[in-house]
Amino acid sequence: MFSLIKHFQKQDPVRPSFWEVVLVYPGFHAICLHRVAHYLWINNLRLMSRIIAHIARHITGVEIHPAAKIGKNLFIDHGMGIVIGETTIIGNNVTLFHQVTLGGSGNPNGANRKRHPTIEDNVIIGAGAKVLGNITIGHNAKIAPNSVVTFDVSSNDVIIPSPSAVKLKVV
Amino acid sequence: MFSLIKHFQKQDPVRPSFWEVVLVYPGFHAICLHRVAHYLWINNLRLMSRIIAHIARHITGVEIHPAAKIGKNLFIDHGMGIVIGETTIIGNNVTLFHQVTLGGSGNPNGANRKRHPTIEDNVIIGAGAKVLGNITIGHNAKIAPNSVVTFDVSSNDVIIPSPSAVKLKVV
Amino acid sequence: MFSLIKHFQKQDPVRPSFWEVVLVYPGFHAICLHRVAHYLWINNLRLMSRIIAHIARHITGVEIHPAAKIGKNLFIDHGMGIVIGETTIIGNNVTLFHQVTLGGSGNPNGANRKRHPTIEDNVIIGAGAKVLGNITIGHNAKIAPNSVVTFDVSSNDVIIPSPSAVKLKVV
């Protein structure tokens, strides 16, 4: 826990004090509460774990499914609006900004399959980016704000958001 | 109410139990509270209806103007950040993901006109999409995440945020 | 305070009453609480000011760093998900919609520098737009919803989400 607080202090250019991270960093609170929810989940206390995750969402604005696997030193900045799905796997030293979605492809028939992304070490995902489906984001990759990513991303790649909406006719 | 719970259970690939939907689904809570607010609104208890909608926003992260008309079996997934404007009309079996906006065009002189979208049956709108103005999204249309839509969309159309994200190699 | 309430009444096409603005407008609450937090900040009560800002974020969904400088008649509509960074400067009569970010460039080494935008008078920024880095948005400029802006914008310019996003310095 102390190393996570230190990581937050190092990552945020605001240079928060120890007590600032403990008291007013929703990203830090979200990760702590997820550890509780995840512990309950792997011990088959499913409903209780989802209630903890639900309370955590209300307190922090960050929604993490209790089953999601999260590595060391995840830095969540601001956090409001983040959604992390059930079968997501996050490596070490990952940075997520607010409104990031690590989600499914929206297919209601996807139960019991891995349908959320795998995020490898040192990845940075900008605010508002949607990373969707059972894809892998390779280590050190950077995803720019508001990107929509539905394909595998190689290590060290940079993804920037697309041009504006276009109309596509279904034949 | 029971049919709405069943609809949530069917739509979410997490396959939630009955009690999970009742206890920890903000989208379900938002629709229930909107029904109360809407009832107050059509009985001319305007301020009271807006207070209920305001409390609902705080509890669920979903902001629905009490005047908005919502059909059967609306599925709101995750929900945080959704905004649904005053003159919005939503049909049956619509799916909205988090951060969707059904909003106006930002013109402060639009009072007393229909200035929000009409969403027909079976439409799916992805996370972060902004659907703006007095436009119609035809039945079965799909709007991809983070799209900005300011024009009518025909039935069965698919709107994607342009050639999807562009890939850029760092040299 | 009264002039700000009047400004909200004029800007929102819903045409809210005085008491509606006071009771159910999170954007109004956020600005009032920021004034308290900013007062504490400039009097060197740093931790206390951040706690007020943190509580304000929980109540309103709007996250404003206590150090941010905000001019007269800021209109925040809906507000959920807004993030305004430490060194942001906002002029007069600016309009921000929900999910707008006035943020840094994500570089953890930016401490003690101006690393957030300057927004001049009468600017309108649409829902979900990310305005990032020490850039200036000139007066009367309009930024469309979901845009990503990482460059200076001239007065009266309109930025739409697309080639805008692609205006990166790619070698």
# chains A, B, ... in the order shown; residues from 1 in each chain; ligands from 1

call {"tool": "closest_atom_pairs", "arguments": {"of": "chain A", "to": "chain C", "cutoff": "10 Å", "atoms": "only C-alpha atoms", "output": "tab-separated table"}}
result
residue	atom	partner	partner_atom	distance
A:Gln9	CA	C:Pro108	CA	9.7
A:Lys10	CA	C:Pro108	CA	7.3
A:Gln11	CA	C:Pro108	CA	5.0
A:Asp12	CA	C:Pro108	CA	5.6
A:Pro13	CA	C:Ala111	CA	4.5
A:Val14	CA	C:Ala111	CA	6.0
A:Arg15	CA	C:Ala111	CA	6.9
A:Pro16	CA	C:Leu47	CA	9.4
A:Ser17	CA	C:Leu47	CA	8.7
A:Trp19	CA	C:Leu47	CA	8.2
A:Glu20	CA	C:Leu47	CA	6.6
A:Leu23	CA	C:Ile51	CA	7.5
A:Val24	CA	C:His54	CA	5.7
A:Tyr25	CA	C:His54	CA	8.1
A:Pro26	CA	C:His54	CA	8.5
A:His58	CA	C:His58	CA	8.5
A:Ile59	CA	C:His58	CA	7.1
A:Thr60	CA	C:His58	CA	7.6
A:Gly61	CA	C:Gly61	CA	8.3
A:Asp77	CA	C:Gly106	CA	9.6
A:His78	CA	C:Val83	CA	7.5
A:Gly79	CA	C:Gly81	CA	8.9
A:Met80	CA	C:Gly81	CA	5.7
A:Gly81	CA	C:Gly81	CA	6.6
A:Ile82	CA	C:Gly81	CA	9.9
A:Thr95	CA	C:Gly106	CA	9.5
A:Phe97	CA	C:Gly106	CA	8.8
A:His98	CA	C:Gly81	CA	8.0
A:Gln99	CA	C:Gly81	CA	7.6
A:Ile124	CA	C:Gly106	CA	8.9
A:Ile125	CA	C:Gly106	CA	9.8
A:Gly126	CA	C:Gly106	CA	8.1
A:Ala127	CA	C:Lys130	CA	7.7
A:Gly128	CA	C:Gly128	CA	7.6
A:Ala144	CA	C:Val148	CA	9.0
A:Pro145	CA	C:Val148	CA	6.9
A:Asn146	CA	C:Asn146	CA	6.9
A:Ser147	CA	C:Val148	CA	9.5
A:Ile160	CA	C:Val166	CA	7.6
A:Pro161	CA	C:Ala165	CA	6.4
A:Ser162	CA	C:Ser162	CA	6.3
A:Pro163	CA	C:Ser162	CA	3.6
A:Ser164	CA	C:Ser162	CA	4.5
A:Ala165	CA	C:Ser162	CA	8.2

call {"tool": "calpha_fit_rmsd", "arguments": {"fixed": "chain A", "moving": "chain B"}}
result
4.7 Å

call {"tool": "residues_around", "arguments": {"residues": "C:Asn92", "least_positions_apart": "2", "cutoff": "6 Å", "atoms": "only C-alpha atoms", "output": "number ranges by chain"}}
result
C: 71-73, 94, 121

call {"tool": "select_by_dssp", "arguments": {"residues": "stretch 46-91 of chain B", "states": "strand (DSSP E)", "output": "list of chain:residue names"}}
result
B:Glu63, B:Ile64, B:Lys69, B:Ile70, B:Phe75, B:Ile76, B:Asp77, B:Val83, B:Ile84, B:Ile89, B:Ile90
